[in-house]
$ cat start32.pdb   # PDB, C-alpha atoms
ATOM      1  CA  MET D   9       9.112  40.102   3.629
ATOM      2  CA  ARG D  10      11.211  37.075   4.513
ATOM      3  CA  GLY D  11      14.656  37.667   5.948
ATOM      4  CA  PRO D  12      17.793  35.560   6.427
ATOM      5  CA  LEU D  13      16.385  33.996   9.608
ATOM      6  CA  SER D  14      13.182  32.886   7.902
ATOM      7  CA  PRO D  15      13.134  29.084   8.098
ATOM      8  CA  LYS D  16      13.090  26.999   4.956
ATOM      9  CA  VAL D  17       9.672  25.327   4.915
ATOM     10  CA  GLY D  18       9.357  21.900   3.324
ATOM     11  CA  LEU D  19       5.941  20.516   2.356
ATOM     12  CA  VAL D  20       5.705  16.722   2.163
ATOM     13  CA  LEU D  21       2.759  15.325   0.196
ATOM     14  CA  GLY D  22       2.307  11.617   0.826
ATOM     15  CA  GLY D  23       0.894   8.811  -1.282
ATOM     16  CA  GLY D  24      -2.704   7.650  -1.186
ATOM     17  CA  ALA D  25      -3.902   7.395  -4.812
ATOM     18  CA  ALA D  26      -7.207   9.270  -5.327
ATOM     19  CA  ARG D  27      -7.277  10.284  -1.669
ATOM     20  CA  GLY D  28      -4.221  12.360  -2.517
ATOM     21  CA  LEU D  29      -6.503  14.805  -4.340
ATOM     22  CA  ALA D  30      -6.976  16.263  -0.851
ATOM     23  CA  HIS D  31      -3.464  17.699  -1.238
ATOM     24  CA  ILE D  32      -5.026  20.276  -3.573
ATOM     25  CA  GLY D  33      -7.274  21.482  -0.755
ATOM     26  CA  VAL D  34      -4.317  21.747   1.607
ATOM     27  CA  LEU D  35      -2.387  23.791  -0.949
ATOM     28  CA  LYS D  36      -5.368  26.100  -1.532
ATOM     29  CA  VAL D  37      -5.416  27.006   2.159
ATOM     30  CA  LEU D  38      -1.640  27.452   2.377
ATOM     31  CA  ASP D  39      -1.879  29.689  -0.704
ATOM     32  CA  ALA D  40      -4.698  31.789   0.712
ATOM     33  CA  GLU D  41      -2.985  32.155   4.098
ATOM     34  CA  ARG D  42       0.387  32.943   2.489
ATOM     35  CA  VAL D  43       2.163  30.129   4.259
ATOM     36  CA  PRO D  44       5.611  29.916   2.617
ATOM     37  CA  VAL D  45       6.519  26.714   0.774
ATOM     38  CA  ASP D  46      10.221  26.622  -0.120
ATOM     39  CA  LEU D  47      10.489  22.945  -1.020
ATOM     40  CA  ILE D  48       8.040  20.207  -2.016
ATOM     41  CA  VAL D  49       8.678  16.486  -1.594
ATOM     42  CA  GLY D  50       6.003  14.306  -3.188
ATOM     43  CA  CYS D  51       5.223  10.621  -3.347
ATOM     44  CA  SER D  52       2.725   8.979  -5.719
ATOM     45  CA  MET D  53      -0.366  11.231  -5.983
ATOM     46  CA  GLY D  54       1.539  13.687  -3.808
ATOM     47  CA  ALA D  55       4.143  13.774  -6.580
ATOM     48  CA  MET D  56       1.525  14.621  -9.185
ATOM     49  CA  VAL D  57      -0.219  17.337  -7.169
ATOM     50  CA  GLY D  58       3.071  18.697  -5.838
ATOM     51  CA  THR D  59       4.531  18.956  -9.330
ATOM     52  CA  LEU D  60       1.489  20.833 -10.600
ATOM     53  CA  PHE D  61       1.704  23.286  -7.712
ATOM     54  CA  ALA D  62       5.453  23.751  -8.081
ATOM     55  CA  LEU D  63       5.207  24.391 -11.822
ATOM     56  CA  TYR D  64       2.108  26.602 -11.859
ATOM     57  CA  GLY D  65       2.885  28.408  -8.611
ATOM     58  CA  ASN D  66      -0.661  28.247  -7.248
ATOM     59  CA  ALA D  67      -3.189  25.664  -6.133
ATOM     60  CA  ARG D  68      -6.070  26.975  -8.221
ATOM     61  CA  ASP D  69      -4.380  26.208 -11.551
ATOM     62  CA  ALA D  70      -3.360  22.786 -10.245
ATOM     63  CA  GLU D  71      -6.983  22.043  -9.334
ATOM     64  CA  LEU D  72      -8.253  23.215 -12.723
ATOM     65  CA  ARG D  73      -5.749  21.009 -14.532
ATOM     66  CA  MET D  74      -6.878  17.933 -12.583
ATOM     67  CA  ALA D  75     -10.577  18.792 -12.943
ATOM     68  CA  GLU D  76     -10.290  19.323 -16.705
ATOM     69  CA  PHE D  77      -8.714  15.913 -17.143
ATOM     70  CA  THR D  78     -11.025  13.884 -14.862
ATOM     71  CA  SER D  79     -14.098  15.415 -16.533
ATOM     72  CA  SER D  80     -12.807  15.000 -20.092
ATOM     73  CA  PRO D  81     -13.695  12.149 -22.477
ATOM     74  CA  HIS D  82     -10.002  11.178 -22.474
ATOM     75  CA  PHE D  83     -10.241   9.995 -18.856
ATOM     76  CA  LYS D  84     -10.985   6.268 -19.017
ATOM     77  CA  GLN D  85     -12.738   5.579 -15.744
ATOM     78  CA  ASP D  86     -13.645   1.913 -16.323
ATOM     79  CA  PRO D  87     -10.336   0.421 -15.065
ATOM     80  CA  PHE D  88     -10.636   2.440 -11.858
ATOM     81  CA  LEU D  89     -14.248   1.342 -11.381
ATOM     82  CA  ASP D  90     -12.995  -2.250 -11.719
ATOM     83  CA  LEU D  91     -10.396  -1.590  -9.011
ATOM     84  CA  GLN D  92     -13.108  -0.210  -6.727
ATOM     85  CA  THR D  93     -15.139  -3.375  -7.283
ATOM     86  CA  MET D  94     -12.152  -5.609  -6.511
ATOM     87  CA  THR D  95     -11.169  -3.795  -3.300
ATOM     88  CA  PRO D  96     -14.393  -2.522  -1.717
ATOM     89  CA  LEU D  97     -14.498  -0.299   1.333
ATOM     90  CA  GLU D  98     -15.799  -1.820   4.564
ATOM     91  CA  SER D  99     -18.990   0.207   4.130
ATOM     92  CA  ASP D 100     -19.668  -1.122   0.619
ATOM     93  CA  ASP D 101     -22.291  -3.713  -0.222
ATOM     94  CA  ARG D 102     -20.977  -7.245   0.520
ATOM     95  CA  GLY D 103     -24.019  -9.150  -0.810
ATOM     96  CA  LEU D 104     -23.915 -12.188  -3.079
ATOM     97  CA  VAL D 105     -24.197 -10.257  -6.357
ATOM     98  CA  SER D 106     -21.468  -7.813  -5.313
ATOM     99  CA  SER D 107     -19.215 -10.676  -4.210
ATOM    100  CA  MET D 108     -19.682 -12.524  -7.503
ATOM    101  CA  LYS D 109     -18.901  -9.349  -9.445
ATOM    102  CA  ARG D 110     -15.797  -8.790  -7.317
ATOM    103  CA  PHE D 111     -14.490 -12.317  -7.905
ATOM    104  CA  TYR D 112     -15.100 -11.963 -11.635
ATOM    105  CA  LYS D 113     -13.200  -8.674 -11.823
ATOM    106  CA  MET D 114     -10.360 -10.151  -9.758
ATOM    107  CA  GLY D 115     -10.163 -13.049 -12.186
ATOM    108  CA  VAL D 116      -9.885 -10.634 -15.105
ATOM    109  CA  PHE D 117      -7.216  -8.674 -13.243
ATOM    110  CA  PHE D 118      -5.059 -11.713 -12.499
ATOM    111  CA  ALA D 119      -5.504 -13.098 -16.016
ATOM    112  CA  THR D 120      -4.467  -9.742 -17.497
ATOM    113  CA  THR D 121      -1.416  -9.250 -15.297
ATOM    114  CA  LEU D 122      -0.309 -12.847 -15.796
ATOM    115  CA  PHE D 123       0.802 -11.970 -19.327
ATOM    116  CA  ARG D 124       1.349  -8.199 -19.051
ATOM    117  CA  GLU D 125       3.396  -6.029 -16.737
ATOM    118  CA  SER D 126       0.386  -4.006 -15.609
ATOM    119  CA  TYR D 127      -3.399  -3.910 -15.540
ATOM    120  CA  ILE D 128      -3.527  -0.473 -17.159
ATOM    121  CA  ASP D 129      -1.881  -0.252 -20.558
ATOM    122  CA  PRO D 130       1.509   1.541 -20.540
ATOM    123  CA  ALA D 131       0.461   3.833 -23.409
ATOM    124  CA  GLN D 132      -2.678   4.837 -21.498
ATOM    125  CA  PHE D 133      -0.670   5.561 -18.354
ATOM    126  CA  GLU D 134       1.781   7.730 -20.288
ATOM    127  CA  HIS D 135      -1.090   9.547 -22.031
ATOM    128  CA  ASP D 136      -2.930  10.260 -18.778
ATOM    129  CA  VAL D 137       0.100  11.691 -16.992
ATOM    130  CA  GLY D 138       0.988  13.685 -20.105
ATOM    131  CA  ALA D 139      -2.487  15.191 -20.151
ATOM    132  CA  ILE D 140      -2.016  16.487 -16.603
ATOM    133  CA  ILE D 141       1.675  17.356 -16.194
ATOM    134  CA  PRO D 142       3.300  20.017 -18.432
ATOM    135  CA  ASP D 143       6.190  18.899 -20.640
ATOM    136  CA  CYS D 144       9.137  20.445 -18.817
ATOM    137  CA  LEU D 145      12.060  19.603 -16.551
ATOM    138  CA  LEU D 146      11.806  19.253 -12.780
ATOM    139  CA  GLU D 147      14.785  21.547 -12.359
ATOM    140  CA  GLU D 148      12.890  24.302 -14.211
ATOM    141  CA  SER D 149      10.304  24.490 -11.437
ATOM    142  CA  PRO D 150      10.210  27.861  -9.601
ATOM    143  CA  THR D 151       9.719  25.917  -6.355
ATOM    144  CA  PRO D 152      12.279  23.128  -5.828
ATOM    145  CA  ILE D 153      10.637  19.713  -5.922
ATOM    146  CA  ALA D 154      11.759  16.162  -5.226
ATOM    147  CA  LEU D 155       9.745  13.080  -6.171
ATOM    148  CA  ILE D 156      10.133   9.690  -4.500
ATOM    149  CA  ALA D 157      10.215   6.388  -6.399
ATOM    150  CA  THR D 158      11.281   2.822  -5.643
ATOM    151  CA  ASP D 159      14.031   0.968  -7.519
ATOM    152  CA  LEU D 160      12.410  -2.359  -8.358
ATOM    153  CA  ALA D 161      15.758  -4.165  -8.600
ATOM    154  CA  SER D 162      17.506  -2.952  -5.439
ATOM    155  CA  GLY D 163      14.484  -2.010  -3.355
ATOM    156  CA  GLN D 164      16.103   1.344  -2.622
ATOM    157  CA  GLU D 165      14.486   4.750  -2.389
ATOM    158  CA  VAL D 166      15.171   6.990  -5.407
ATOM    159  CA  VAL D 167      14.885  10.772  -5.039
ATOM    160  CA  LEU D 168      14.179  12.485  -8.370
ATOM    161  CA  THR D 169      15.054  16.184  -8.571
ATOM    162  CA  SER D 170      15.860  16.539 -12.278
ATOM    163  CA  GLY D 171      14.744  15.203 -15.632
ATOM    164  CA  ARG D 172      11.401  15.158 -17.464
ATOM    165  CA  ALA D 173       8.614  16.041 -15.039
ATOM    166  CA  ARG D 174       6.124  13.708 -16.727
ATOM    167  CA  LYS D 175       8.466  10.736 -16.539
ATOM    168  CA  ALA D 176       9.308  11.415 -12.893
ATOM    169  CA  VAL D 177       5.640  11.667 -11.919
ATOM    170  CA  GLN D 178       4.946   8.407 -13.737
ATOM    171  CA  ALA D 179       7.758   6.702 -11.826
ATOM    172  CA  SER D 180       6.642   8.008  -8.440
ATOM    173  CA  SER D 181       3.007   6.963  -8.972
ATOM    174  CA  ALA D 182       3.445   3.620 -10.769
ATOM    175  CA  ILE D 183       1.548   1.336  -8.380
ATOM    176  CA  ALA D 184       3.039  -2.102  -9.029
ATOM    177  CA  GLY D 185       0.720  -4.398 -10.952
ATOM    178  CA  ILE D 186      -1.704  -1.608 -11.809
ATOM    179  CA  PHE D 187       0.671   0.728 -13.653
ATOM    180  CA  PRO D 188       3.853  -0.342 -15.483
ATOM    181  CA  PRO D 189       7.362   0.261 -14.094
ATOM    182  CA  VAL D 190       9.102   3.316 -15.556
ATOM    183  CA  LEU D 191      12.651   3.130 -16.898
ATOM    184  CA  MET D 192      14.830   6.086 -15.812
ATOM    185  CA  ASP D 193      18.624   6.199 -15.864
ATOM    186  CA  GLY D 194      18.784   2.441 -16.316
ATOM    187  CA  LYS D 195      16.524   1.736 -13.324
ATOM    188  CA  GLU D 196      13.038   0.238 -13.297
ATOM    189  CA  LEU D 197      11.063   2.484 -10.960
ATOM    190  CA  VAL D 198       7.697   1.976  -9.277
ATOM    191  CA  ASP D 199       5.559   3.862  -6.763
ATOM    192  CA  GLY D 200       7.589   5.565  -4.034
ATOM    193  CA  GLY D 201       5.021   4.569  -1.428
ATOM    194  CA  PHE D 202       6.576   1.117  -1.213
ATOM    195  CA  VAL D 203       9.604   2.597   0.549
ATOM    196  CA  ASP D 204       8.585   6.057   1.767
ATOM    197  CA  LYS D 205       4.866   6.877   1.745
ATOM    198  CA  VAL D 206       5.294  10.185   3.615
ATOM    199  CA  PRO D 207       8.966  11.120   2.946
ATOM    200  CA  VAL D 208       9.633  13.499   5.835
ATOM    201  CA  GLU D 209      13.301  12.588   6.213
ATOM    202  CA  VAL D 210      13.998  13.463   2.572
ATOM    203  CA  ALA D 211      12.715  17.014   3.156
ATOM    204  CA  PHE D 212      15.133  17.506   6.049
ATOM    205  CA  ARG D 213      17.924  15.978   3.985
ATOM    206  CA  LEU D 214      17.257  18.565   1.264
ATOM    207  CA  GLY D 215      17.632  21.440   3.702
ATOM    208  CA  ALA D 216      14.205  22.086   5.224
ATOM    209  CA  ASP D 217      14.170  23.663   8.682
ATOM    210  CA  VAL D 218      10.432  23.080   9.184
ATOM    211  CA  VAL D 219       8.475  20.214   7.652
ATOM    212  CA  ILE D 220       4.719  20.149   7.137
ATOM    213  CA  ALA D 221       3.593  16.634   6.199
ATOM    214  CA  VAL D 222       0.246  15.674   4.671
ATOM    215  CA  ASP D 223      -0.868  12.081   5.248
ATOM    216  CA  VAL D 224      -3.772  10.817   3.114
ATOM    217  CA  SER D 225      -3.082   7.096   3.309
ATOM    218  CA  SER D 226      -5.357   4.606   4.994
ATOM    219  CA  ASP D 227      -4.711   3.839   8.647
ATOM    220  CA  VAL D 228      -4.811   0.290   9.969
ATOM    221  CA  GLN D 229      -7.836   0.262  12.259
ATOM    222  CA  ASP D 230      -7.851  -1.601  15.571
ATOM    223  CA  SER D 231     -10.634  -3.965  14.596
ATOM    224  CA  GLN D 232     -11.680  -7.596  14.672
ATOM    225  CA  GLU D 233     -13.744  -7.089  11.519
ATOM    226  CA  PHE D 234     -11.477  -8.612   8.911
ATOM    227  CA  SER D 235     -11.395 -11.949   7.144
ATOM    228  CA  ARG D 236      -9.414 -14.786   8.732
ATOM    229  CA  ARG D 237      -8.534 -16.205   5.322
ATOM    230  CA  GLY D 238      -4.851 -16.443   4.490
ATOM    231  CA  ALA D 239      -4.812 -13.835   1.715
ATOM    232  CA  ALA D 240      -6.655 -11.288   3.861
ATOM    233  CA  ILE D 241      -4.377 -11.900   6.829
ATOM    234  CA  SER D 242      -1.296 -11.495   4.624
ATOM    235  CA  THR D 243      -2.660  -8.245   3.181
ATOM    236  CA  ARG D 244      -3.404  -6.859   6.638
ATOM    237  CA  ALA D 245       0.065  -7.805   7.909
ATOM    238  CA  GLY D 246       1.649  -5.968   4.974
ATOM    239  CA  ALA D 247      -0.522  -2.928   5.709
ATOM    240  CA  ILE D 248       0.626  -2.987   9.344
ATOM    241  CA  THR D 249       4.269  -2.940   8.226
ATOM    242  CA  ALA D 250       3.638  -0.011   5.878
ATOM    243  CA  GLU D 251       1.754   1.884   8.576
ATOM    244  CA  THR D 252       4.556   1.369  11.094
ATOM    245  CA  LEU D 253       7.191   2.677   8.675
ATOM    246  CA  LYS D 254       5.002   5.677   7.850
ATOM    247  CA  ARG D 255       4.536   6.575  11.523
ATOM    248  CA  LEU D 256       8.292   6.390  12.102
ATOM    249  CA  GLN D 257       8.784   8.996   9.375
ATOM    250  CA  MET D 258       5.977  11.292  10.478
ATOM    251  CA  ARG D 259       7.129  11.554  14.083
ATOM    252  CA  PHE D 260       9.921  13.877  12.859
ATOM    253  CA  ALA D 261       7.555  16.276  11.060
ATOM    254  CA  ASP D 262       6.812  19.587  12.743
ATOM    255  CA  VAL D 263       3.159  19.438  11.685
ATOM    256  CA  VAL D 264       1.138  16.525  10.292
ATOM    257  CA  ILE D 265      -2.091  17.272   8.420
ATOM    258  CA  ARG D 266      -4.513  14.353   8.085
ATOM    259  CA  PRO D 267      -7.499  15.061   5.806
ATOM    260  CA  GLY D 268     -10.572  12.958   6.549
ATOM    261  CA  VAL D 269     -10.605  10.974   3.317
ATOM    262  CA  GLN D 270     -10.911   7.407   4.587
ATOM    263  CA  ASP D 271     -14.500   7.103   3.351
ATOM    264  CA  PHE D 272     -13.352   7.646  -0.239
ATOM    265  CA  HIS D 273     -12.033   4.742  -2.273
ATOM    266  CA  TRP D 274      -8.377   4.997  -3.227
ATOM    267  CA  ALA D 275      -9.305   4.449  -6.911
ATOM    268  CA  ASP D 276     -12.164   6.989  -7.040
ATOM    269  CA  PHE D 277     -10.452   9.700  -9.062
ATOM    270  CA  ALA D 278     -13.828  11.051 -10.182
ATOM    271  CA  ALA D 279     -14.509  12.253  -6.615
ATOM    272  CA  LEU D 280     -12.171  15.244  -6.893
ATOM    273  CA  SER D 281     -14.841  17.851  -6.055
ATOM    274  CA  ALA D 282     -15.712  16.014  -2.832
ATOM    275  CA  ILE D 283     -12.167  15.152  -1.755
ATOM    276  CA  VAL D 284     -10.542  18.595  -2.183
ATOM    277  CA  PRO D 285     -12.676  20.248   0.552
ATOM    278  CA  LYS D 286     -11.484  17.599   3.013
ATOM    279  CA  GLY D 287      -7.944  18.846   2.486
ATOM    280  CA  GLU D 288      -9.053  22.441   2.984
ATOM    281  CA  GLU D 289     -10.811  21.568   6.232
ATOM    282  CA  ALA D 290      -7.808  19.738   7.674
ATOM    283  CA  ALA D 291      -5.372  22.482   6.633
ATOM    284  CA  ARG D 292      -7.435  25.229   8.255
ATOM    285  CA  ALA D 293      -7.526  23.279  11.500
ATOM    286  CA  SER D 294      -3.722  22.962  11.378
ATOM    287  CA  LEU D 295      -2.958  26.645  10.704
ATOM    288  CA  PRO D 296      -2.177  27.574  14.338
ATOM    289  CA  ALA D 297       0.293  24.685  14.629
ATOM    290  CA  ILE D 298       1.848  25.593  11.284
ATOM    291  CA  ARG D 299       2.393  29.207  12.304
ATOM    292  CA  ARG D 300       3.910  28.175  15.639
ATOM    293  CA  SER D 301       6.286  25.767  13.932
ATOM    294  CA  ILE D 302       7.447  28.358  11.409
ATOM    295  CA  SER D 303       8.035  30.851  14.218
ATOM    296  CA  ARG D 304      10.084  28.314  16.173
ATOM    297  CA  GLY D 305      11.914  27.322  12.996
ATOM    298  CA  ARG D 306      13.863  30.582  13.124
ATOM    299  CA  TRP D 307      16.038  29.066  15.861
ATOM    300  CA  LYS D 308      16.879  26.091  13.707
ATOM    301  CA  ARG D 309      17.598  28.393  10.783
ATOM    302  CA  ALA D 310      19.923  30.481  12.935
ATOM    303  CA  GLY D 311      21.779  27.352  14.022
ATOM    304  CA  ARG D 312      22.181  26.289  10.398
ATOM    305  CA  LEU D 313      23.532  29.704   9.396
ATOM    306  CA  VAL D 314      26.222  29.715  12.094
ATOM    307  CA  GLY D 315      27.177  26.145  11.274
ATOM    308  CA  LEU D 316      26.064  24.389  14.457
ATOM    309  CA  PRO D 317      25.791  20.593  14.195
ATOM    310  CA  ARG D 318      22.161  19.558  13.945
ATOM    311  CA  ARG D 319      22.187  17.877  17.376
ATOM    312  CA  TRP D 320      23.185  21.198  18.966
ATOM    313  CA  ARG D 321      20.468  23.272  17.379
ATOM    314  CA  VAL D 322      17.613  24.321  19.587
ATOM    315  CA  ASP D 323      14.660  21.990  19.098
ATOM    316  CA  LEU D 324      11.432  23.743  20.054
ATOM    317  CA  ARG D 325       9.010  21.336  18.407
ATOM    318  CA  ALA D 326       7.964  19.702  21.657
TER
END
$ encode --input "start32.pdb" --output "structure tokens"
Amino acid sequence: MRGPLSPKVGLVLGGGAARGLAHIGVLKVLDAERVPVDLIVGCSMGAMVGTLFALYGNARDAELRMAEFTSSPHFKQDPFLDLQTMTPLESDDRGLVSSMKRFYKMGVFFATTLFRESYIDPAQFEHDVGAIIPDCLLEESPTPIALIATDLASGQEVVLTSGRARKAVQASSAIAGIFPPVLMDGKELVDGGFVDKVPVEVAFRLGADVVIAVDVSSDVQDSQEFSRRGAAISTRAGAITAETLKRLQMRFADVVIRPGVQDFHWADFAALSAIVPKGEEAARASLPAIRRSISRGRWKRAGRLVGLPRRWRVDLRA
């Protein structure tokens, strides 16, 4: 039984598109090991998985909901196969036929988005999220949840803690150019990963004493194996910026879980059954660190209860 000195544990589920299905595996292990989760902060796919867990109260039902959708005839996989063709992994075939197919698909993508706000039709996006997320309010969730989105006009982070769950998940996961912006409270919102891919600081801001962060995004590898063409260099430079910002956030987390999902394509949503075990494996390996952090978190909780300024509270994370 948890007492007044039990620390408030925040779970941060970062963005990473299909790789974020590994969050389900992490949640399954936390469930099985009875690791307390008092607050969930989700970004992009982390928002979708986190919302399912918060609403259903267990990882198994969240996994079933995702599996039912991705295996149903309503799941239109063709656009995601096109995205995999356009942005191949380093290990994928780079032969002439594959290159020609990639350039063709990229041409279709640019032609489509030249006259529309997104590659995937807005009605399809709304239907897909609606098929996964229950029609309820975020504030009705038994476990408090906050979803991160980006205000397209101001460039500011938006933290969503109330309103329609489906709409909020759409906003947090609306990858610009691929999915349409979502209008909420007069703001055009897109994927939260553009400002806060692993939103650790938000969890602390919302009262967490201990933060467990799950990072499923792609690291920038120290490699000479990349194209020296201008577009490729620009893309890599942008990835370096995003990676640097992400690392700045994660350094404040008590525990960082990193599932080994880099060999899966970010658009391969059909790979759920293979990706989930990667999250389980990484979470099991992190259990000792998680338990230590929760134990040490009692000191921070005690400092909060007696009203000590944060800088005076005992920090035992090191």
$ residues_near_point --input "start32.pdb" --point "(10.1, 25.1, -9.0)" --cutoff "12 Å" --atoms "only C-alpha atoms" --output "PyMOL selection string"
chain D and resi 45-49+58-66+144-154+169-170+173
$ resolve_selection --input "start32.pdb" --expression "the PyMOL selection byres ((chain D and resi 162) around 12)" --output "PyMOL selection string"
chain D and resi 157-161+163-166+195-198+203
$ atom_distance --input "start32.pdb" --atom1 "CA of Lys205 (chain D)" --atom2 "CA of Asp223 (chain D)"
8.5 Å
$ closest_atom_pairs --input "start32.pdb" --of "region 73-131 of chain D" --to "region 179-194 of chain D" --cutoff "10 Å" --atoms "all atoms listed in the file" --output "Markdown table"
| residue | atom | partner | partner_atom | distance |
| --- | --- | --- | --- | --- |
| D:Pro87 | CA | D:Ile186 | CA | 9.4 |
| D:Phe88 | CA | D:Ile186 | CA | 9.8 |
| D:Leu91 | CA | D:Ile186 | CA | 9.1 |
| D:Phe117 | CA | D:Ile186 | CA | 9.1 |
| D:Phe118 | CA | D:Gly185 | CA | 9.4 |
| D:Thr120 | CA | D:Gly185 | CA | 9.9 |
| D:Thr121 | CA | D:Gly185 | CA | 6.9 |
| D:Leu122 | CA | D:Gly185 | CA | 9.8 |
| D:Arg124 | CA | D:Gly185 | CA | 9.0 |
| D:Glu125 | CA | D:Pro188 | CA | 5.8 |
| D:Ser126 | CA | D:Gly185 | CA | 4.7 |
| D:Tyr127 | CA | D:Ile186 | CA | 4.7 |
| D:Ile128 | CA | D:Phe187 | CA | 5.6 |
| D:Asp129 | CA | D:Phe187 | CA | 7.4 |
| D:Pro130 | CA | D:Pro188 | CA | 5.9 |
| D:Ala131 | CA | D:Pro188 | CA | 9.6 |
$ residues_near_point --input "start32.pdb" --point "(1.3, 16.0, 9.6)" --cutoff "6 Å" --atoms "all atoms listed in the file" --output "PyMOL selection string"
chain D and resi 220-222+263-265
$ resolve_selection --input "start32.pdb" --expression "the PyMOL selection byres ((chain D and resi 206) around 10)" --output "PyMOL selection string"
chain D and resi 20-24+49-52+54+156+200-201+203-205+207-210+221-225+253-258+261
$ closest_residue --input "start32.pdb" --among "D:Asp143, D:Arg73, D:Thr93, D:Thr78" --to "His273 (chain D)" --atoms "all atoms listed in the file"
D:Thr93
$ atom_distance --input "start32.pdb" --atom1 "CA of Asp90 (chain D)" --atom2 "CA of Phe277 (chain D)"
12.5 Å
$ closest_residue --input "start32.pdb" --among "D:Ile141, D:Val116, D:Ala26, D:Leu97" --to "Ala282 (chain D)" --atoms "all atoms listed in the file"
D:Ala26
$ resolve_selection --input "start32.pdb" --expression "the PyMOL selection byres ((chain D and resi 280) around 10)" --output "PyMOL selection string"
chain D and resi 26-30+32+71+74-75+78-79+276-279+281-285
$ atom_distance --input "start32.pdb" --atom1 "CA of Ala275 (chain D)" --atom2 "CA of Val37 (chain D)"
24.6 Å
$ residues_around --input "start32.pdb" --residues "Val137 (chain D)" --least-positions-apart "4" --cutoff "9 Å" --atoms "only C-alpha atoms" --output "PyMOL selection string"
chain D and resi 56+132-133+141+174-175+177-178
$ residues_around --input "start32.pdb" --residues "His82 (chain D)" --least-positions-apart "5" --cutoff "9 Å" --atoms "only C-alpha atoms" --output "PDB file with C-alpha atoms, in the coordinates of the input"
ATOM      1  CA  PHE D  77      -8.714  15.913 -17.143  1.00  0.00           C
ATOM      2  CA  ASP D 136      -2.930  10.260 -18.778  1.00  0.00           C
ATOM      3  CA  ALA D 139      -2.487  15.191 -20.151  1.00  0.00           C
TER       4      ALA D 139
END
$ closest_residue --input "start32.pdb" --among "D:Val43, D:Leu155, D:Leu168, D:Ala119" --to "Ser294 (chain D)" --atoms "only C-alpha atoms"
D:Val43
$ closest_residue --input "start32.pdb" --among "D:Asp86, D:Glu76, D:Asp217, D:Glu134" --to "Lys16 (chain D)" --atoms "all atoms listed in the file"
D:Asp217
$ closest_residue --input "start32.pdb" --among "D:Gln270, D:Gln85, D:Ser80, D:Ser303" --to "Val218 (chain D)" --atoms "only C-alpha atoms"
D:Ser303
$ closest_residue --input "start32.pdb" --among "D:Phe83, D:Val57, D:Ala25, D:Leu13" --to "Arg304 (chain D)" --atoms "only C-alpha atoms"
D:Leu13
$ residues_around --input "start32.pdb" --residues "Lys286 (chain D)" --least-positions-apart "4" --cutoff "8 Å" --atoms "all atoms listed in the file" --output "compact mmCIF listing (two decimals) with C-alpha atoms, in the frame of the given file"
# COMPACT_ATOMS: atom_id res chain seq x y z
CA ALA D 30 -6.98 16.26 -0.85
CA GLY D 33 -7.27 21.48 -0.76
CA PRO D 267 -7.50 15.06 5.81
CA GLY D 268 -10.57 12.96 6.55
CA VAL D 269 -10.60 10.97 3.32
CA ALA D 282 -15.71 16.01 -2.83
CA ALA D 290 -7.81 19.74 7.67
